[in-house]
file query.txt (compact mmCIF, N, CA and C atoms)
# COMPACT_ATOMS: atom_id res chain seq x y z
N MET A 11 -7.59 -12.18 12.44
CA MET A 11 -8.30 -13.44 12.37
C MET A 11 -7.49 -14.44 11.55
N PRO A 12 -7.56 -15.71 11.87
CA PRO A 12 -6.79 -16.71 11.13
C PRO A 12 -7.15 -16.79 9.65
N ALA A 13 -8.38 -16.50 9.27
CA ALA A 13 -8.79 -16.59 7.87
C ALA A 13 -8.29 -15.41 7.04
N ASP A 14 -7.87 -14.32 7.67
CA ASP A 14 -7.46 -13.13 6.92
C ASP A 14 -6.30 -13.37 5.96
N PRO A 15 -5.22 -14.02 6.37
CA PRO A 15 -4.14 -14.24 5.39
C PRO A 15 -4.61 -15.01 4.16
N ALA A 16 -5.45 -16.01 4.35
CA ALA A 16 -5.95 -16.78 3.21
C ALA A 16 -6.85 -15.92 2.32
N SER A 17 -7.55 -14.95 2.91
CA SER A 17 -8.43 -14.11 2.10
C SER A 17 -7.65 -13.19 1.17
N ALA A 18 -6.38 -12.97 1.45
CA ALA A 18 -5.55 -12.17 0.55
C ALA A 18 -5.32 -12.90 -0.77
N LEU A 19 -5.47 -14.21 -0.77
CA LEU A 19 -5.26 -15.00 -1.99
C LEU A 19 -6.48 -15.02 -2.90
N ALA A 20 -7.66 -14.78 -2.36
CA ALA A 20 -8.90 -14.88 -3.13
C ALA A 20 -8.90 -14.02 -4.40
N PRO A 21 -8.43 -12.77 -4.38
CA PRO A 21 -8.44 -11.99 -5.63
C PRO A 21 -7.58 -12.60 -6.73
N LEU A 22 -6.60 -13.43 -6.38
CA LEU A 22 -5.76 -14.05 -7.38
C LEU A 22 -6.49 -15.13 -8.18
N ASP A 23 -7.72 -15.46 -7.79
CA ASP A 23 -8.55 -16.36 -8.59
C ASP A 23 -8.90 -15.70 -9.92
N ASP A 24 -8.86 -14.37 -9.97
CA ASP A 24 -9.11 -13.60 -11.19
C ASP A 24 -7.78 -13.52 -11.94
N PRO A 25 -7.68 -14.06 -13.16
CA PRO A 25 -6.40 -14.04 -13.88
C PRO A 25 -5.88 -12.64 -14.18
N ALA A 26 -6.72 -11.62 -14.10
CA ALA A 26 -6.29 -10.24 -14.35
C ALA A 26 -5.59 -9.63 -13.14
N VAL A 27 -5.65 -10.29 -12.00
CA VAL A 27 -5.05 -9.77 -10.76
C VAL A 27 -3.69 -10.41 -10.55
N ASP A 28 -2.66 -9.57 -10.39
CA ASP A 28 -1.30 -10.05 -10.15
C ASP A 28 -0.84 -9.85 -8.72
N ILE A 29 -1.41 -8.84 -8.04
CA ILE A 29 -1.02 -8.49 -6.67
C ILE A 29 -2.29 -8.23 -5.88
N ALA A 30 -2.34 -8.72 -4.65
CA ALA A 30 -3.49 -8.47 -3.78
C ALA A 30 -2.97 -8.08 -2.39
N THR A 31 -3.79 -7.35 -1.66
CA THR A 31 -3.45 -6.95 -0.30
C THR A 31 -4.73 -6.86 0.52
N LEU A 32 -4.59 -6.71 1.80
CA LEU A 32 -5.75 -6.64 2.69
C LEU A 32 -5.94 -5.23 3.23
N ALA A 33 -7.19 -4.87 3.43
CA ALA A 33 -7.56 -3.61 4.06
C ALA A 33 -8.82 -3.85 4.88
N ALA A 34 -9.00 -3.02 5.90
CA ALA A 34 -10.18 -3.10 6.76
C ALA A 34 -10.79 -1.71 6.85
N GLU A 35 -12.10 -1.66 6.89
CA GLU A 35 -12.76 -0.35 7.01
C GLU A 35 -12.42 0.28 8.35
N ILE A 36 -12.09 1.56 8.30
CA ILE A 36 -11.78 2.31 9.52
C ILE A 36 -13.09 2.66 10.21
N LYS A 37 -13.17 2.31 11.48
CA LYS A 37 -14.40 2.55 12.25
C LYS A 37 -14.25 3.65 13.29
N THR A 38 -13.02 4.00 13.65
CA THR A 38 -12.83 5.00 14.70
C THR A 38 -12.31 6.30 14.10
N GLU A 39 -12.77 7.39 14.63
CA GLU A 39 -12.38 8.72 14.14
C GLU A 39 -10.87 8.94 14.29
N ALA A 40 -10.29 8.48 15.38
CA ALA A 40 -8.86 8.69 15.63
C ALA A 40 -8.00 8.02 14.56
N GLU A 41 -8.44 6.86 14.07
CA GLU A 41 -7.68 6.15 13.04
C GLU A 41 -7.69 6.90 11.72
N LYS A 42 -8.78 7.62 11.44
CA LYS A 42 -8.91 8.33 10.16
C LYS A 42 -7.83 9.39 9.98
N THR A 43 -7.44 10.03 11.04
CA THR A 43 -6.47 11.13 10.94
C THR A 43 -5.09 10.76 11.45
N ASN A 44 -4.91 9.56 11.92
CA ASN A 44 -3.63 9.12 12.48
C ASN A 44 -2.62 8.88 11.35
N PRO A 45 -1.50 9.62 11.33
CA PRO A 45 -0.52 9.42 10.28
C PRO A 45 0.23 8.09 10.37
N ASN A 46 0.08 7.39 11.48
CA ASN A 46 0.69 6.07 11.62
C ASN A 46 -0.14 4.97 10.98
N VAL A 47 -1.36 5.31 10.55
CA VAL A 47 -2.24 4.36 9.88
C VAL A 47 -2.18 4.61 8.38
N VAL A 48 -1.75 3.62 7.63
CA VAL A 48 -1.73 3.73 6.17
C VAL A 48 -3.13 3.46 5.65
N LYS A 49 -3.63 4.40 4.84
CA LYS A 49 -4.96 4.28 4.26
C LYS A 49 -4.86 3.85 2.81
N VAL A 50 -5.86 3.10 2.35
CA VAL A 50 -5.97 2.68 0.96
C VAL A 50 -7.06 3.52 0.31
N VAL A 51 -6.75 4.10 -0.83
CA VAL A 51 -7.75 4.78 -1.64
C VAL A 51 -7.95 3.91 -2.88
N GLY A 52 -9.19 3.55 -3.13
CA GLY A 52 -9.44 2.66 -4.25
C GLY A 52 -10.83 2.84 -4.82
N THR A 53 -11.07 2.14 -5.88
CA THR A 53 -12.37 2.16 -6.52
C THR A 53 -12.98 0.77 -6.40
N PRO A 54 -14.27 0.67 -6.05
CA PRO A 54 -14.90 -0.64 -5.90
C PRO A 54 -14.92 -1.40 -7.23
N VAL A 55 -14.59 -2.69 -7.17
CA VAL A 55 -14.68 -3.55 -8.35
C VAL A 55 -15.53 -4.79 -8.06
N GLY A 56 -16.22 -4.76 -6.96
CA GLY A 56 -17.10 -5.87 -6.59
C GLY A 56 -17.38 -5.79 -5.12
N PRO A 57 -18.22 -6.69 -4.64
CA PRO A 57 -18.50 -6.69 -3.20
C PRO A 57 -17.22 -7.03 -2.43
N ASP A 58 -16.94 -6.23 -1.44
CA ASP A 58 -15.77 -6.46 -0.58
C ASP A 58 -14.45 -6.46 -1.36
N ARG A 59 -14.39 -5.70 -2.45
CA ARG A 59 -13.14 -5.66 -3.22
C ARG A 59 -12.94 -4.28 -3.83
N LEU A 60 -11.72 -3.76 -3.68
CA LEU A 60 -11.32 -2.47 -4.25
C LEU A 60 -10.14 -2.69 -5.19
N ARG A 61 -10.04 -1.81 -6.17
CA ARG A 61 -8.80 -1.72 -6.94
C ARG A 61 -8.04 -0.56 -6.33
N ALA A 62 -6.93 -0.84 -5.68
CA ALA A 62 -6.15 0.20 -5.00
C ALA A 62 -5.60 1.19 -6.02
N LEU A 63 -5.82 2.46 -5.74
CA LEU A 63 -5.26 3.52 -6.58
C LEU A 63 -3.98 4.05 -5.97
N TYR A 64 -3.99 4.23 -4.64
CA TYR A 64 -2.78 4.65 -3.95
C TYR A 64 -2.94 4.42 -2.45
N PHE A 65 -1.81 4.53 -1.75
CA PHE A 65 -1.76 4.36 -0.30
C PHE A 65 -1.20 5.65 0.27
N THR A 66 -1.71 6.06 1.43
CA THR A 66 -1.28 7.33 2.02
C THR A 66 -1.41 7.27 3.54
N ARG A 67 -0.64 8.10 4.20
CA ARG A 67 -0.77 8.26 5.65
C ARG A 67 -1.69 9.43 5.99
N ALA A 68 -2.02 10.22 4.99
CA ALA A 68 -2.93 11.36 5.18
C ALA A 68 -4.37 10.85 5.30
N THR A 69 -5.27 11.70 5.77
CA THR A 69 -6.68 11.34 5.80
C THR A 69 -7.17 11.36 4.36
N ALA A 70 -7.58 10.21 3.87
CA ALA A 70 -7.97 10.13 2.47
C ALA A 70 -8.95 8.99 2.28
N PRO A 71 -9.84 9.10 1.34
CA PRO A 71 -10.11 10.31 0.57
C PRO A 71 -10.91 11.29 1.40
N SER A 72 -11.01 12.50 0.93
CA SER A 72 -11.81 13.48 1.66
C SER A 72 -13.28 13.27 1.30
N GLY A 73 -14.15 13.78 2.11
CA GLY A 73 -15.58 13.67 1.83
C GLY A 73 -16.19 12.45 2.46
N ASP A 74 -17.42 12.19 2.05
CA ASP A 74 -18.17 11.06 2.59
C ASP A 74 -17.67 9.75 2.01
N GLY A 75 -18.00 8.70 2.69
CA GLY A 75 -17.63 7.37 2.22
C GLY A 75 -16.67 6.71 3.19
N PRO A 76 -16.52 5.41 3.04
CA PRO A 76 -15.65 4.68 3.96
C PRO A 76 -14.17 4.96 3.70
N LEU A 77 -13.40 4.85 4.75
CA LEU A 77 -11.94 4.90 4.67
C LEU A 77 -11.44 3.51 5.03
N TYR A 78 -10.31 3.12 4.43
CA TYR A 78 -9.79 1.79 4.66
C TYR A 78 -8.36 1.84 5.19
N HIS A 79 -8.10 1.01 6.18
CA HIS A 79 -6.80 0.86 6.83
C HIS A 79 -6.08 -0.28 6.10
N HIS A 80 -4.89 0.01 5.58
CA HIS A 80 -4.11 -1.02 4.90
C HIS A 80 -3.47 -1.93 5.95
N ILE A 81 -3.68 -3.21 5.79
CA ILE A 81 -3.17 -4.19 6.75
C ILE A 81 -1.68 -4.45 6.52
N GLY A 82 -1.22 -4.40 5.30
CA GLY A 82 0.19 -4.56 5.01
C GLY A 82 0.61 -5.96 4.61
N LEU A 83 -0.33 -6.83 4.36
CA LEU A 83 -0.05 -8.18 3.89
C LEU A 83 -0.30 -8.22 2.38
N TYR A 84 0.65 -8.72 1.62
CA TYR A 84 0.51 -8.79 0.16
C TYR A 84 0.58 -10.23 -0.31
N ALA A 85 -0.11 -10.50 -1.42
CA ALA A 85 -0.01 -11.77 -2.14
C ALA A 85 0.36 -11.43 -3.58
N TYR A 86 1.38 -12.09 -4.09
CA TYR A 86 1.88 -11.83 -5.45
C TYR A 86 1.85 -13.11 -6.28
N ARG A 87 1.60 -12.96 -7.56
CA ARG A 87 1.91 -14.05 -8.48
C ARG A 87 3.43 -14.03 -8.66
N ARG A 88 4.01 -15.16 -8.89
CA ARG A 88 5.46 -15.24 -9.06
C ARG A 88 5.94 -14.33 -10.19
N ALA A 89 5.23 -14.30 -11.30
CA ALA A 89 5.63 -13.45 -12.44
C ALA A 89 5.60 -11.97 -12.07
N ALA A 90 4.62 -11.56 -11.29
CA ALA A 90 4.53 -10.15 -10.88
C ALA A 90 5.70 -9.79 -9.97
N LEU A 91 6.04 -10.67 -9.07
CA LEU A 91 7.16 -10.41 -8.17
C LEU A 91 8.49 -10.37 -8.95
N THR A 92 8.63 -11.24 -9.93
CA THR A 92 9.83 -11.23 -10.78
C THR A 92 9.94 -9.91 -11.53
N ARG A 93 8.82 -9.42 -12.09
CA ARG A 93 8.84 -8.11 -12.78
C ARG A 93 9.17 -6.99 -11.80
N PHE A 94 8.59 -7.03 -10.62
CA PHE A 94 8.79 -5.97 -9.62
C PHE A 94 10.25 -5.84 -9.21
N VAL A 95 10.89 -6.94 -8.88
CA VAL A 95 12.26 -6.86 -8.41
C VAL A 95 13.24 -6.49 -9.52
N ALA A 96 12.83 -6.62 -10.78
CA ALA A 96 13.69 -6.26 -11.91
C ALA A 96 13.57 -4.78 -12.28
N LEU A 97 12.61 -4.07 -11.71
CA LEU A 97 12.43 -2.65 -12.04
C LEU A 97 13.58 -1.83 -11.49
N PRO A 98 13.95 -0.76 -12.21
CA PRO A 98 14.97 0.14 -11.67
C PRO A 98 14.40 0.96 -10.52
N PRO A 99 15.24 1.50 -9.66
CA PRO A 99 14.74 2.37 -8.58
C PRO A 99 14.02 3.57 -9.18
N SER A 100 12.99 4.02 -8.52
CA SER A 100 12.24 5.18 -9.02
C SER A 100 13.01 6.46 -8.71
N PRO A 101 12.71 7.54 -9.44
CA PRO A 101 13.35 8.83 -9.11
C PRO A 101 13.04 9.26 -7.68
N LEU A 102 11.86 8.91 -7.16
CA LEU A 102 11.52 9.27 -5.78
C LEU A 102 12.44 8.56 -4.80
N LYS A 103 12.75 7.32 -5.05
CA LYS A 103 13.66 6.58 -4.18
C LYS A 103 15.03 7.24 -4.19
N ASP A 104 15.51 7.62 -5.38
CA ASP A 104 16.79 8.29 -5.48
C ASP A 104 16.78 9.61 -4.73
N ALA A 105 15.69 10.37 -4.83
CA ALA A 105 15.59 11.67 -4.15
C ALA A 105 15.59 11.47 -2.63
N ARG A 106 14.87 10.47 -2.15
CA ARG A 106 14.85 10.21 -0.72
C ARG A 106 16.22 9.79 -0.23
N SER A 107 16.92 9.00 -1.02
CA SER A 107 18.26 8.56 -0.62
C SER A 107 19.21 9.74 -0.51
N SER A 108 19.14 10.68 -1.45
CA SER A 108 20.06 11.82 -1.39
C SER A 108 19.68 12.78 -0.26
N ASN A 109 18.40 12.85 0.09
CA ASN A 109 17.97 13.70 1.20
C ASN A 109 18.31 13.08 2.54
N ASN A 110 18.56 11.80 2.55
CA ASN A 110 18.83 11.08 3.78
C ASN A 110 20.31 10.72 3.87
N CYS A 111 21.14 11.56 3.31
CA CYS A 111 22.55 11.22 3.17
C CYS A 111 23.33 11.34 4.47
N ALA A 112 22.77 11.90 5.51
CA ALA A 112 23.51 12.08 6.76
C ALA A 112 23.95 10.74 7.35
N ARG A 113 23.25 9.69 7.03
CA ARG A 113 23.63 8.37 7.55
C ARG A 113 24.99 7.94 6.99
N SER A 114 25.21 8.21 5.71
CA SER A 114 26.45 7.72 5.10
C SER A 114 27.52 8.80 5.01
N ARG A 115 27.11 10.07 4.94
CA ARG A 115 28.06 11.17 4.79
C ARG A 115 27.63 12.31 5.72
N PRO A 116 28.14 12.38 6.91
CA PRO A 116 27.71 13.40 7.86
C PRO A 116 27.82 14.83 7.33
N ALA A 117 28.74 15.09 6.42
CA ALA A 117 28.91 16.45 5.93
C ALA A 117 28.05 16.75 4.71
N CYS A 118 27.23 15.81 4.31
CA CYS A 118 26.38 15.97 3.13
C CYS A 118 25.55 17.25 3.21
N GLY A 119 25.52 18.00 2.13
CA GLY A 119 24.70 19.21 2.07
C GLY A 119 25.35 20.43 2.68
N SER A 120 26.48 20.28 3.33
CA SER A 120 27.13 21.45 3.92
C SER A 120 28.13 22.03 2.95
N THR A 121 28.50 23.28 3.15
CA THR A 121 29.46 23.92 2.24
C THR A 121 30.80 24.07 2.91
call {"tool": "encode", "arguments": {"input": "query.txt", "output": "structure tokens"}}
result
Amino acid sequence: MPADPASALAPLDDPAVDIATLAAEIKTEAEKTNPNVVKVVGTPVGPDRLRALYFTRATAPSGDGPLYHHIGLYAYRRAALTRFVALPPSPLKDARSSNNCARSRPACGST
């Protein structure tokens, strides 16, 4: 919907919010278990608003309650984006890079 991108900005009206994103409630069973659908796990902080705890391709959370499909659109405050890009790579990023070394070194991992 055309109003959806603008709705990503609404949480930034709260000075405590630095980053916002969109999610939609999953209505179909197939979407709940589809690994191509990124799900948002969060805690409610108001009507129609969650504080995202994590994102996953797994069916999450387990049990009763709504599941949310992450739309993938983000809104950042300039200061938050500046802090983000200045962060060092995480150990997980480094681990994934070394596990994916076949792109740059075909003999990687061989003896």
call {"tool": "atom_distance", "arguments": {"input": "query.txt", "atom1": "CA of Ala85 (chain A)", "atom2": "CA of Asn44 (chain A)"}}
result
25.8 Å
call {"tool": "closest_residue", "arguments": {"input": "query.txt", "among": "A:Pro71, A:Gly82, A:Gly56, A:Pro101", "to": "Leu32 (chain A)", "atoms": "all atoms listed in the file"}}
result
A:Gly82
call {"tool": "residues_around", "arguments": {"input": "query.txt", "residues": "Ala62 (chain A)", "least_positions_apart": "5", "cutoff": "6 Å", "atoms": "all atoms listed in the file", "output": "list in words"}}
result
Val51, Gly52 and Thr53 of chain A
call {"tool": "atom_distance", "arguments": {"input": "query.txt", "atom1": "atom C of Arg88 (chain A)", "atom2": "atom C of Pro54 (chain A)"}}
result
24.7 Å
call {"tool": "residues_around", "arguments": {"input": "query.txt", "residues": "Ala33 (chain A)", "least_positions_apart": "6", "cutoff": "5 Å", "atoms": "all atoms listed in the file", "output": "ChimeraX atom specification"}}
result
/A:79-81
call {"tool": "atom_distance", "arguments": {"input": "query.txt", "atom1": "CA of Ala34 (chain A)", "atom2": "CA of Gly75 (chain A)"}}
result
13.6 Å
